[in-house]
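One file, upload-v1.cif, carrying mmCIF, C-alpha atoms:
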```
data_upload
loop_
_atom_site.label_atom_id
_atom_site.label_comp_id
_atom_site.auth_asym_id
_atom_site.auth_seq_id
_atom_site.Cartn_x
_atom_site.Cartn_y
_atom_site.Cartn_z
CA MET G 10 -73.13 -12.58 -72.15
CA THR G 11 -71.19 -9.45 -71.31
CA ARG G 12 -68.77 -9.65 -68.45
CA ARG G 13 -69.49 -7.13 -65.74
CA ARG G 14 -66.80 -4.64 -64.82
CA LYS G 15 -65.28 -5.34 -61.46
CA ALA G 16 -64.99 -2.96 -58.54
CA VAL G 17 -63.51 -3.09 -55.06
CA VAL G 18 -65.67 -1.47 -52.37
CA LEU G 19 -64.37 -0.39 -48.97
CA LEU G 20 -66.93 -1.55 -46.45
CA SER G 21 -66.91 -0.52 -42.80
CA GLY G 22 -70.40 -1.66 -41.89
CA GLY G 23 -71.65 1.90 -41.50
CA LEU G 24 -74.37 3.83 -43.26
CA ASP G 25 -72.11 5.48 -45.84
CA SER G 26 -70.11 2.49 -47.03
CA THR G 27 -73.22 0.30 -47.18
CA THR G 28 -75.00 2.85 -49.34
CA THR G 29 -71.87 3.09 -51.48
CA LEU G 30 -71.82 -0.67 -52.02
CA TYR G 31 -75.44 -0.62 -53.15
CA HIS G 32 -74.68 2.30 -55.43
CA ALA G 33 -71.82 0.39 -57.07
CA LEU G 34 -74.02 -2.69 -57.53
CA LYS G 35 -76.81 -0.57 -58.99
CA ASN G 36 -74.28 0.80 -61.48
CA GLY G 37 -73.61 -2.69 -62.75
CA TYR G 38 -70.29 -3.45 -61.07
CA LYS G 39 -69.35 -6.89 -59.90
CA CYS G 40 -68.23 -5.89 -56.43
CA SER G 41 -65.69 -7.32 -54.02
CA ALA G 42 -65.68 -5.82 -50.54
CA LEU G 43 -62.72 -5.07 -48.31
CA ILE G 44 -63.36 -4.93 -44.58
CA PHE G 45 -60.67 -3.80 -42.13
CA ASP G 46 -60.08 -5.06 -38.65
CA TYR G 47 -57.52 -2.38 -37.77
CA GLY G 48 -57.72 -2.33 -34.02
CA GLN G 49 -60.83 -0.16 -33.74
CA ARG G 50 -62.36 -0.18 -30.25
CA HIS G 51 -65.02 -2.74 -31.02
CA LYS G 52 -65.90 -5.48 -33.48
CA ARG G 53 -69.55 -4.55 -33.75
CA GLU G 54 -69.13 -2.71 -37.04
CA LEU G 55 -67.22 -5.67 -38.50
CA ARG G 56 -70.22 -7.91 -37.88
CA SER G 57 -72.39 -5.37 -39.67
CA ALA G 58 -69.98 -5.21 -42.60
CA VAL G 59 -69.91 -8.97 -43.00
CA ALA G 60 -73.71 -9.15 -42.72
CA VAL G 61 -74.13 -6.50 -45.41
CA ALA G 62 -71.66 -8.26 -47.75
CA LYS G 63 -73.33 -11.62 -47.23
CA GLY G 64 -76.75 -10.05 -47.73
CA VAL G 65 -75.91 -9.22 -51.33
CA SER G 66 -73.59 -12.21 -51.84
CA VAL G 67 -70.52 -10.19 -52.74
CA ALA G 68 -67.06 -11.64 -52.18
CA TYR G 69 -65.23 -10.03 -49.29
CA HIS G 70 -61.95 -10.15 -47.43
CA VAL G 71 -61.40 -9.09 -43.85
CA ILE G 72 -57.91 -7.57 -43.62
CA ARG G 73 -56.32 -7.55 -40.20
CA ILE G 74 -53.78 -4.85 -39.56
CA LYS G 75 -52.17 -3.66 -36.39
CA LEU G 76 -50.94 -0.12 -36.03
CA PRO G 77 -48.57 -0.39 -33.07
CA TRP G 78 -48.25 3.38 -32.76
CA LYS G 79 -51.87 4.20 -31.83
CA GLY G 80 -52.18 7.99 -32.20
CA SER G 81 -55.98 7.99 -32.11
CA SER G 82 -58.69 7.64 -29.49
CA LEU G 83 -60.33 5.16 -31.84
CA LEU G 84 -57.39 2.78 -31.37
CA ASP G 85 -56.71 3.33 -27.71
CA ARG G 86 -59.25 2.16 -25.17
CA LYS G 87 -57.51 4.10 -22.43
CA THR G 88 -58.54 7.40 -23.97
CA LYS G 89 -62.04 8.83 -24.14
CA ILE G 90 -64.07 9.31 -27.26
CA PRO G 91 -65.28 12.91 -27.52
CA GLN G 92 -68.96 13.32 -26.62
CA ASN G 93 -71.29 16.03 -27.88
CA ARG G 94 -68.33 18.05 -29.09
CA LYS G 95 -68.64 21.04 -31.35
CA LEU G 96 -68.14 19.61 -34.82
CA THR G 97 -65.13 21.71 -35.76
CA GLY G 98 -61.43 20.91 -36.09
CA ILE G 99 -59.93 17.43 -36.32
CA PRO G 100 -61.00 15.30 -33.36
CA SER G 101 -58.97 12.70 -31.45
CA THR G 102 -60.82 9.92 -33.28
CA TYR G 103 -58.84 10.76 -36.42
CA VAL G 104 -56.62 7.78 -37.26
CA PRO G 105 -53.44 8.94 -39.01
CA ALA G 106 -53.49 8.04 -42.70
CA ARG G 107 -56.26 5.48 -42.25
CA ASN G 108 -58.02 6.04 -45.55
CA MET G 109 -54.66 6.07 -47.33
CA ILE G 110 -53.91 2.64 -45.88
CA PHE G 111 -57.37 1.33 -46.79
CA LEU G 112 -57.15 2.70 -50.33
CA SER G 113 -53.67 1.25 -50.80
CA PHE G 114 -54.92 -2.23 -49.98
CA ALA G 115 -57.93 -1.65 -52.23
CA LEU G 116 -55.61 -0.59 -55.02
CA SER G 117 -53.51 -3.71 -54.62
CA TYR G 118 -56.64 -5.85 -54.62
CA ALA G 119 -58.12 -4.05 -57.61
CA GLU G 120 -54.96 -4.45 -59.61
CA ALA G 121 -54.64 -8.14 -58.69
CA ILE G 122 -58.18 -8.99 -59.83
CA GLY G 123 -58.39 -6.55 -62.74
CA ALA G 124 -60.98 -4.26 -61.18
CA LYS G 125 -61.54 -0.93 -62.87
CA ALA G 126 -62.83 1.07 -59.90
CA ILE G 127 -62.53 1.48 -56.15
CA PHE G 128 -65.57 2.80 -54.31
CA ILE G 129 -65.23 4.56 -50.99
CA GLY G 130 -68.04 6.18 -49.02
CA ALA G 131 -66.09 9.25 -47.91
CA ASN G 132 -68.13 12.32 -47.13
CA ALA G 133 -67.00 15.91 -46.75
CA VAL G 134 -70.28 17.55 -45.75
CA ASP G 135 -71.68 15.95 -42.59
CA PHE G 136 -68.31 14.67 -41.39
CA SER G 137 -65.81 14.88 -38.56
CA GLY G 138 -63.29 17.08 -40.38
CA TYR G 139 -60.89 14.25 -41.12
CA PRO G 140 -58.38 15.42 -43.74
CA ASP G 141 -58.58 12.10 -45.57
CA CYS G 142 -62.26 12.64 -46.31
CA ARG G 143 -61.77 15.79 -48.38
CA PRO G 144 -62.05 15.98 -52.18
CA ALA G 145 -58.46 17.22 -52.63
CA PHE G 146 -57.13 14.06 -51.02
CA TYR G 147 -59.05 11.80 -53.40
CA ARG G 148 -57.89 13.73 -56.43
CA ALA G 149 -54.29 13.44 -55.25
CA PHE G 150 -54.66 9.75 -54.43
CA GLN G 151 -56.12 9.10 -57.88
CA ARG G 152 -53.00 10.59 -59.40
CA ALA G 153 -50.66 8.58 -57.17
CA ALA G 154 -52.57 5.41 -58.07
CA GLU G 155 -52.12 6.14 -61.77
CA ARG G 156 -48.41 6.78 -61.36
CA GLY G 157 -47.68 3.84 -59.08
CA THR G 158 -49.44 0.86 -60.62
CA ARG G 159 -49.20 -1.26 -63.69
CA ALA G 160 -52.97 -0.98 -64.23
CA LYS G 161 -52.85 2.84 -64.36
CA LYS G 162 -56.56 3.29 -64.98
CA ILE G 163 -58.26 2.33 -61.75
CA ARG G 164 -60.82 5.00 -60.84
CA ILE G 165 -61.30 6.11 -57.25
CA VAL G 166 -65.04 6.71 -56.95
CA THR G 167 -66.53 8.75 -54.09
CA PRO G 168 -70.27 8.94 -54.78
CA LEU G 169 -71.20 10.41 -51.38
CA LEU G 170 -68.45 13.01 -51.15
CA ARG G 171 -70.69 16.05 -51.49
CA LEU G 172 -74.00 14.72 -50.17
CA THR G 173 -75.54 15.66 -46.84
CA LYS G 174 -76.27 12.84 -44.42
CA LYS G 175 -79.93 13.27 -45.20
CA GLU G 176 -79.28 12.78 -48.90
CA ILE G 177 -77.19 9.70 -48.14
CA VAL G 178 -80.01 8.10 -46.17
CA ALA G 179 -82.46 8.94 -48.94
CA LEU G 180 -80.11 7.43 -51.52
CA GLY G 181 -79.59 4.31 -49.39
CA ARG G 182 -83.34 3.83 -49.05
CA ARG G 183 -83.91 4.35 -52.74
CA LEU G 184 -81.30 1.68 -53.49
CA GLY G 185 -82.85 -0.73 -51.02
CA ALA G 186 -79.76 -0.79 -48.78
CA PRO G 187 -80.35 -2.49 -45.41
CA LEU G 188 -79.68 0.60 -43.32
CA GLU G 189 -81.04 -1.16 -40.25
CA LYS G 190 -78.11 -3.58 -40.41
CA THR G 191 -75.49 -0.83 -40.38
CA TRP G 192 -73.54 0.36 -37.37
CA SER G 193 -72.02 3.81 -36.96
CA CYS G 194 -71.31 4.31 -33.23
CA TYR G 195 -67.63 4.60 -32.28
CA ALA G 196 -68.24 3.17 -28.83
CA GLY G 197 -69.65 -0.22 -29.76
CA GLY G 198 -71.92 -0.83 -26.78
CA ARG G 199 -75.12 -2.84 -27.05
CA GLN G 200 -76.90 0.28 -28.16
CA PRO G 201 -75.40 3.24 -30.03
CA CYS G 202 -74.19 5.84 -27.50
CA GLY G 203 -75.90 8.72 -29.28
CA VAL G 204 -73.24 11.27 -28.30
CA CYS G 205 -70.12 10.43 -30.35
CA ASP G 206 -69.57 12.27 -33.64
CA SER G 207 -70.58 9.25 -35.64
CA CYS G 208 -73.91 8.76 -33.84
CA ARG G 209 -74.71 12.45 -34.09
CA LEU G 210 -73.89 12.67 -37.78
CA ARG G 211 -75.94 9.56 -38.42
CA ALA G 212 -78.88 11.08 -36.60
CA ARG G 213 -78.85 14.00 -39.03
CA GLY G 214 -79.66 11.54 -41.76
CA PHE G 215 -82.76 10.20 -40.09
CA MET G 216 -84.20 13.47 -38.81
CA LEU G 217 -87.47 14.47 -40.33
CA MET Y 10 -29.72 20.26 -26.14
CA THR Y 11 -31.49 20.39 -29.47
CA ARG Y 12 -34.04 17.74 -30.20
CA ARG Y 13 -33.28 15.79 -33.34
CA ARG Y 14 -35.87 15.74 -36.09
CA LYS Y 15 -37.56 12.38 -36.41
CA ALA Y 16 -37.84 10.25 -39.53
CA VAL Y 17 -39.45 6.95 -40.44
CA VAL Y 18 -37.31 4.72 -42.66
CA LEU Y 19 -38.70 1.81 -44.69
CA LEU Y 20 -36.29 -1.06 -44.18
CA SER Y 21 -36.39 -4.28 -46.19
CA GLY Y 22 -33.01 -5.65 -45.21
CA GLY Y 23 -31.59 -5.10 -48.69
CA LEU Y 24 -28.73 -3.00 -49.95
CA ASP Y 25 -30.78 0.04 -50.90
CA SER Y 26 -32.88 0.45 -47.78
CA THR Y 27 -29.89 -0.15 -45.51
CA THR Y 28 -27.90 2.54 -47.30
CA THR Y 29 -30.93 4.81 -47.04
CA LEU Y 30 -31.15 4.29 -43.28
CA TYR Y 31 -27.49 5.20 -42.89
CA HIS Y 32 -28.01 8.24 -45.09
CA ALA Y 33 -30.90 9.42 -42.89
CA LEU Y 34 -28.85 8.90 -39.73
CA LYS Y 35 -25.91 10.75 -41.25
CA ASN Y 36 -28.25 13.64 -41.97
CA GLY Y 37 -29.06 13.91 -38.30
CA TYR Y 38 -32.46 12.28 -38.16
CA LYS Y 39 -33.63 10.26 -35.22
CA CYS Y 40 -34.83 7.25 -37.18
CA SER Y 41 -37.53 4.67 -36.58
CA ALA Y 42 -37.59 1.76 -38.98
CA LEU Y 43 -40.60 -0.03 -40.45
CA ILE Y 44 -40.10 -3.60 -41.59
CA PHE Y 45 -42.82 -5.51 -43.44
CA ASP Y 46 -43.62 -9.18 -43.24
CA TYR Y 47 -46.06 -9.14 -46.15
CA GLY Y 48 -46.00 -12.74 -47.25
CA GLN Y 49 -42.79 -12.56 -49.29
CA ARG Y 50 -41.42 -16.00 -50.17
CA HIS Y 51 -38.85 -16.10 -47.40
CA LYS Y 52 -38.02 -14.52 -44.06
CA ARG Y 53 -34.32 -14.21 -44.73
CA GLU Y 54 -34.51 -10.53 -45.60
CA LEU Y 55 -36.52 -9.83 -42.43
CA ARG Y 56 -33.66 -11.19 -40.33
CA SER Y 57 -31.29 -8.88 -42.20
CA ALA Y 58 -33.57 -5.91 -41.63
CA VAL Y 59 -33.82 -6.57 -37.90
CA ALA Y 60 -30.05 -7.08 -37.67
CA VAL Y 61 -29.40 -3.78 -39.45
CA ALA Y 62 -31.86 -1.89 -37.21
CA LYS Y 63 -30.38 -3.40 -34.06
CA GLY Y 64 -26.87 -2.68 -35.30
CA VAL Y 65 -27.53 1.06 -35.13
CA SER Y 66 -29.97 0.85 -32.20
CA VAL Y 67 -32.91 2.42 -34.02
CA ALA Y 68 -36.45 1.65 -32.90
CA TYR Y 69 -38.31 -0.58 -35.30
CA HIS Y 70 -41.66 -2.25 -35.83
CA VAL Y 71 -42.30 -5.36 -37.88
CA ILE Y 72 -45.71 -4.98 -39.53
CA ARG Y 73 -47.44 -8.18 -40.55
CA ILE Y 74 -49.86 -7.93 -43.43
CA LYS Y 75 -51.54 -10.55 -45.51
CA LEU Y 76 -52.57 -9.86 -49.07
CA PRO Y 77 -55.07 -12.66 -49.72
CA TRP Y 78 -55.20 -11.88 -53.44
CA LYS Y 79 -51.60 -12.75 -54.32
CA GLY Y 80 -51.10 -11.35 -57.84
CA SER Y 81 -47.30 -11.63 -57.74
CA SER Y 82 -44.70 -14.37 -58.03
CA LEU Y 83 -43.11 -12.87 -54.94
CA LEU Y 84 -46.18 -13.84 -52.90
CA ASP Y 85 -46.96 -17.17 -54.47
CA ARG Y 86 -44.59 -20.04 -53.95
CA LYS Y 87 -46.35 -22.06 -56.62
CA THR Y 88 -45.09 -19.74 -59.33
CA LYS Y 89 -41.51 -19.35 -60.51
CA ILE Y 90 -39.35 -16.33 -60.04
CA PRO Y 91 -37.93 -15.14 -63.39
CA GLN Y 92 -34.28 -16.06 -63.88
CA ASN Y 93 -31.77 -14.23 -66.04
CA ARG Y 94 -34.57 -12.37 -67.77
CA LYS Y 95 -34.01 -9.38 -69.99
CA LEU Y 96 -34.46 -6.42 -67.66
CA THR Y 97 -37.32 -4.79 -69.54
CA GLY Y 98 -41.05 -4.52 -68.84
CA ILE Y 99 -42.71 -5.17 -65.49
CA PRO Y 100 -41.87 -8.68 -64.22
CA SER Y 101 -44.10 -11.11 -62.34
CA THR Y 102 -42.33 -10.22 -59.09
CA TYR Y 103 -44.13 -6.87 -59.10
CA VAL Y 104 -46.47 -6.78 -56.09
CA PRO Y 105 -49.51 -4.61 -56.84
CA ALA Y 106 -49.36 -1.31 -54.94
CA ARG Y 107 -46.75 -2.61 -52.51
CA ASN Y 108 -44.84 0.62 -52.05
CA MET Y 109 -48.11 2.51 -51.71
CA ILE Y 110 -49.09 0.20 -48.86
CA PHE Y 111 -45.68 0.54 -47.21
CA LEU Y 112 -45.69 4.32 -47.55
CA SER Y 113 -49.22 4.56 -46.16
CA PHE Y 114 -48.18 2.74 -43.01
CA ALA Y 115 -45.06 4.91 -42.82
CA LEU Y 116 -47.22 8.00 -43.15
CA SER Y 117 -49.48 6.85 -40.34
CA TYR Y 118 -46.45 6.10 -38.16
CA ALA Y 119 -44.77 9.41 -39.01
CA GLU Y 120 -47.89 11.36 -38.18
CA ALA Y 121 -48.42 9.48 -34.91
CA ILE Y 122 -44.88 10.15 -33.64
CA GLY Y 123 -44.45 13.61 -35.15
CA ALA Y 124 -41.78 12.63 -37.71
CA LYS Y 125 -41.01 15.15 -40.41
CA ALA Y 126 -39.74 12.79 -43.09
CA ILE Y 127 -40.16 9.32 -44.55
CA PHE Y 128 -37.12 7.76 -46.20
CA ILE Y 129 -37.51 5.06 -48.85
CA GLY Y 130 -34.69 3.48 -50.85
CA ALA Y 131 -36.51 3.36 -54.16
CA ASN Y 132 -34.36 3.37 -57.26
CA ALA Y 133 -35.32 4.05 -60.85
CA VAL Y 134 -32.00 3.38 -62.58
CA ASP Y 135 -30.81 -0.15 -61.86
CA PHE Y 136 -34.28 -1.48 -61.09
CA SER Y 137 -36.88 -4.00 -62.17
CA GLY Y 138 -39.20 -1.55 -63.87
CA TYR Y 139 -41.72 -1.50 -61.04
CA PRO Y 140 -44.07 1.47 -61.54
CA ASP Y 141 -43.96 2.30 -57.84
CA CYS Y 142 -40.22 2.97 -58.01
CA ARG Y 143 -40.47 5.85 -60.46
CA PRO Y 144 -40.05 9.53 -59.59
CA ALA Y 145 -43.55 10.48 -60.78
CA PHE Y 146 -45.09 8.14 -58.26
CA TYR Y 147 -43.20 9.69 -55.35
CA ARG Y 148 -44.14 13.21 -56.41
CA ALA Y 149 -47.80 12.17 -56.58
CA PHE Y 150 -47.64 10.34 -53.26
CA GLN Y 151 -46.09 13.40 -51.62
CA ARG Y 152 -49.06 15.42 -52.74
CA ALA Y 153 -51.60 12.86 -51.54
CA ALA Y 154 -49.81 12.75 -48.17
CA GLU Y 155 -50.07 16.53 -47.85
CA ARG Y 156 -53.76 16.49 -48.72
CA GLY Y 157 -54.74 13.53 -46.56
CA THR Y 158 -53.07 14.08 -43.21
CA ARG Y 159 -53.30 16.47 -40.32
CA ALA Y 160 -49.51 16.86 -40.29
CA LYS Y 161 -49.42 18.06 -43.91
CA LYS Y 162 -45.67 18.60 -44.04
CA ILE Y 163 -44.16 15.13 -43.97
CA ARG Y 164 -41.52 14.87 -46.69
CA ILE Y 165 -41.10 11.71 -48.73
CA VAL Y 166 -37.35 11.41 -49.26
CA THR Y 167 -35.87 9.14 -51.94
CA PRO Y 168 -32.10 9.67 -51.79
CA LEU Y 169 -31.23 6.76 -54.12
CA LEU Y 170 -33.84 7.41 -56.77
CA ARG Y 171 -31.45 8.46 -59.52
CA LEU Y 172 -28.27 6.66 -58.50
CA THR Y 173 -26.81 3.65 -60.26
CA LYS Y 174 -26.31 0.52 -58.19
CA LYS Y 175 -22.61 1.20 -58.24
CA GLU Y 176 -23.15 4.64 -56.78
CA ILE Y 177 -25.42 3.17 -54.11
CA VAL Y 178 -22.76 0.69 -53.03
CA ALA Y 179 -20.17 3.47 -52.96
CA LEU Y 180 -22.50 5.63 -50.87
CA GLY Y 181 -23.25 2.76 -48.51
CA ARG Y 182 -19.56 2.11 -48.00
CA ARG Y 183 -18.80 5.77 -47.44
CA LEU Y 184 -21.52 5.87 -44.79
CA GLY Y 185 -20.19 2.76 -43.10
CA ALA Y 186 -23.37 0.76 -43.78
CA PRO Y 187 -22.98 -2.98 -43.05
CA LEU Y 188 -23.59 -4.10 -46.63
CA GLU Y 189 -22.43 -7.60 -45.73
CA LYS Y 190 -25.46 -7.98 -43.48
CA THR Y 191 -27.95 -7.10 -46.24
CA TRP Y 192 -29.96 -9.57 -48.28
CA SER Y 193 -31.32 -8.93 -51.77
CA CYS Y 194 -32.15 -12.33 -53.30
CA TYR Y 195 -35.83 -12.98 -54.00
CA ALA Y 196 -35.44 -16.72 -53.56
CA GLY Y 197 -34.16 -16.81 -50.00
CA GLY Y 198 -32.06 -19.97 -50.13
CA ARG Y 199 -28.95 -20.45 -48.00
CA GLN Y 200 -26.96 -18.58 -50.63
CA PRO Y 201 -28.24 -15.90 -53.03
CA CYS Y 202 -29.43 -17.54 -56.26
CA GLY Y 203 -27.50 -15.13 -58.48
CA VAL Y 204 -30.07 -15.24 -61.28
CA CYS Y 205 -33.13 -13.35 -60.03
CA ASP Y 206 -33.45 -9.64 -60.91
CA SER Y 207 -32.52 -8.61 -57.43
CA CYS Y 208 -29.29 -10.65 -57.32
CA ARG Y 209 -28.29 -9.42 -60.75
CA LEU Y 210 -28.98 -5.78 -59.96
CA ARG Y 211 -27.06 -6.14 -56.73
CA ALA Y 212 -24.10 -7.63 -58.60
CA ARG Y 213 -23.90 -4.48 -60.71
CA GLY Y 214 -23.11 -2.57 -57.55
CA PHE Y 215 -20.16 -4.71 -56.61
CA MET Y 216 -18.60 -5.14 -60.04
CA LEU Y 217 -15.18 -3.56 -60.41
#
```

Would it be possible to restate this file's structure as structure tokens?
Amino acid sequence: MTRRRKAVVLLSGGLDSTTTLYHALKNGYKCSALIFDYGQRHKRELRSAVAVAKGVSVAYHVIRIKLPWKGSSLLDRKTKIPQNRKLTGIPSTYVPARNMIFLSFALSYAEAIGAKAIFIGANAVDFSGYPDCRPAFYRAFQRAAERGTRAKKIRIVTPLLRLTKKEIVALGRRLGAPLEKTWSCYAGGRQPCGVCDSCRLRARGFML
Amino acid sequence: MTRRRKAVVLLSGGLDSTTTLYHALKNGYKCSALIFDYGQRHKRELRSAVAVAKGVSVAYHVIRIKLPWKGSSLLDRKTKIPQNRKLTGIPSTYVPARNMIFLSFALSYAEAIGAKAIFIGANAVDFSGYPDCRPAFYRAFQRAAERGTRAKKIRIVTPLLRLTKKEIVALGRRLGAPLEKTWSCYAGGRQPCGVCDSCRLRARGFML
């Protein structure tokens, strides 16, 4: 019996991270998922993330962190989430250094369990312009991870980075990912709002 | 009236981070301190950190994080902390990606409040061999921070990186830092144990 290589997968409960998890599994990795309860406006996406992880029986941890400084409309219920905005510039939903924080925890986890890769479903095509979703950031983070850990050779893998949302949906379907279980809306009502960036980007994926 | 530039300072309550805070203040920064309760074996150093921050009336946050994967003798009370070991190699007290996690939070904080610098008291001379204390890691992190944030120009400042412990103590004294309030021991008993890496490195600073 060969032992499967381990990977840590960042799982938000959305379309992209769910597809990424299925991609990592398809590539033979024994996956462990990290889910973050970081003070986002709603818990709906956390339920989706846990459901997705349980659906494929991968181990997961829910990490609770509190960013007392806010600095994002995604963390502050008193502010409004932009609706039907022009998809240019960096919107107020940007959470300072969020992916850096998530990746740092993933790196710690990966090193502790001997995982060889970290998968993150970042996308720089149909995206909100967040700086921590761009290829240059992942290259730089890879280097910092190599310099700052004992393990040295933990790969940061971003399989969706250059795909369109349409291609992501197609990939998810091909992999048998339960896209119907995923949640993308920033608002977290009973139904997706349809007008936040995340809903609108998601819709691109399902358009005929 | 000129507005002072802001900085975030990582504060553990030890000798190095306390000296670093005083160095940042001396250089004119309006400092905010970040203190981490990350599951270390004792809370003694947290009390020191809070006392130091209060002593100079800087704002501070205590961030609570839980690393469910352990992977370090500093997080796991069932394991032993190395005593009087030869100071070579990476010891079991190394916490995977700890400084990366701390810096990521600091980066988020700095970006949220508009700080221009992050100060960290890392040292690569009289140190335990932790990979995340070496200059190459800080250079790489600086680059990742520039690529992954909106702010782009937040400097990672490591004033103690190439000083000996003796030089750090001398600097701390010159700056009027309350070294007597600081706590370095990993064990966290009523008195410092004197035999862990941290006690022994600290002792180098006070030797005549």

- Task: Decode the PyMOL selection byres ((chain G and resi 113) around 8) for the given file into explicit residues and return them as a PyMOL selection string.
- Result: (chain G and resi 109-112+114-117) or (chain Y and resi 106+109-110+113)

- How would you write, as a count of residues only, the residues chosen by the PyMOL selection byres ((chain Y) within 8 of (chain G)) on this structure? 42

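Across the model, the gap from atom CA of G:Val65 to atom CA of G:Cys194 is 23.1 Å.
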
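With only C-alpha atoms as the atoms that count, the minimum distance from Y:Ala16 to the choices Y:Met216, Y:Ala58, Y:Val178, Y:Ala126 is reached by Y:Ala126.
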
- Message: List the spatial neighbours of G:Ala186 as a VMD selection string - criterion: any atom at most 7 Å away, all atoms listed in the file, same-chain residues fewer than 2 positions off excluded.
- Response: chain G and resid 27 to 28 31 181 to 182 184 188

Output C-alpha atoms for every residue in that selection, as an mmCIF file, in the frame of the given file.
```cif
data_model
loop_
_atom_site.group_PDB
_atom_site.id
_atom_site.type_symbol
_atom_site.label_atom_id
_atom_site.label_comp_id
_atom_site.auth_asym_id
_atom_site.auth_seq_id
_atom_site.Cartn_x
_atom_site.Cartn_y
_atom_site.Cartn_z
ATOM 1 C CA THR G 27 -73.220 0.300 -47.180
ATOM 2 C CA THR G 28 -75.000 2.850 -49.340
ATOM 3 C CA TYR G 31 -75.440 -0.620 -53.150
ATOM 4 C CA GLY G 181 -79.590 4.310 -49.390
ATOM 5 C CA ARG G 182 -83.340 3.830 -49.050
ATOM 6 C CA LEU G 184 -81.300 1.680 -53.490
ATOM 7 C CA LEU G 188 -79.680 0.600 -43.320
#
```

- Please evaluate the PyMOL selection byres ((chain G and resi 132-137) around 7) against the structure above and give the resulting residues as an MDAnalysis selection string. chainID G and resid 96 99 130:131 138:139 142:143 169:174 206 210

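Between atom CA of Y:Gly185 and atom CA of Y:His51 the separation is 26.9 Å.
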
- Task: Extract, using all atoms listed in the file, all DNA, RNA and protein residues at most 9 Å from G:Trp192, discarding same-chain residues fewer than 4 positions from it, and format them as a PyMOL selection string.
- Result: chain G and resi 21-24+53-58+188+197+201

Would you mind completing stretch 21-35 of chain G to N, CA and C atoms and writing the output as a CSV table (one decimal), in the coordinates of the input?
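Result saved to result26.csv:
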```
chain,number,residue,atom,x,y,z
G,21,SER,N,-67.2,-0.6,-44.2
G,21,SER,CA,-66.9,-0.5,-42.8
G,21,SER,C,-68.1,-1.1,-42.0
G,22,GLY,N,-69.2,-1.2,-42.6
G,22,GLY,CA,-70.4,-1.7,-41.9
G,22,GLY,C,-71.3,-0.5,-41.5
G,23,GLY,N,-70.9,0.7,-41.8
G,23,GLY,CA,-71.6,1.9,-41.5
G,23,GLY,C,-72.6,2.3,-42.6
G,24,LEU,N,-73.3,3.3,-42.3
G,24,LEU,CA,-74.4,3.8,-43.3
G,24,LEU,C,-73.8,4.2,-44.6
G,25,ASP,N,-72.7,4.9,-44.6
G,25,ASP,CA,-72.1,5.5,-45.8
G,25,ASP,C,-71.5,4.4,-46.7
G,26,SER,N,-70.7,3.5,-46.2
G,26,SER,CA,-70.1,2.5,-47.0
G,26,SER,C,-71.1,1.5,-47.5
G,27,THR,N,-72.2,1.2,-46.7
G,27,THR,CA,-73.2,0.3,-47.2
G,27,THR,C,-74.0,0.9,-48.4
G,28,THR,N,-74.3,2.2,-48.2
G,28,THR,CA,-75.0,2.8,-49.3
G,28,THR,C,-74.1,2.9,-50.6
G,29,THR,N,-72.8,3.1,-50.4
G,29,THR,CA,-71.9,3.1,-51.5
G,29,THR,C,-71.8,1.7,-52.2
G,30,LEU,N,-71.8,0.7,-51.4
G,30,LEU,CA,-71.8,-0.7,-52.0
G,30,LEU,C,-73.1,-0.9,-52.9
G,31,TYR,N,-74.2,-0.5,-52.4
G,31,TYR,CA,-75.4,-0.6,-53.2
G,31,TYR,C,-75.4,0.3,-54.4
G,32,HIS,N,-74.8,1.4,-54.3
G,32,HIS,CA,-74.7,2.3,-55.4
G,32,HIS,C,-73.8,1.6,-56.5
G,33,ALA,N,-72.7,1.0,-56.1
G,33,ALA,CA,-71.8,0.4,-57.1
G,33,ALA,C,-72.5,-0.8,-57.8
G,34,LEU,N,-73.3,-1.5,-57.0
G,34,LEU,CA,-74.0,-2.7,-57.5
G,34,LEU,C,-75.1,-2.2,-58.5
G,35,LYS,N,-75.8,-1.2,-58.1
G,35,LYS,CA,-76.8,-0.6,-59.0
G,35,LYS,C,-76.2,-0.1,-60.3
```
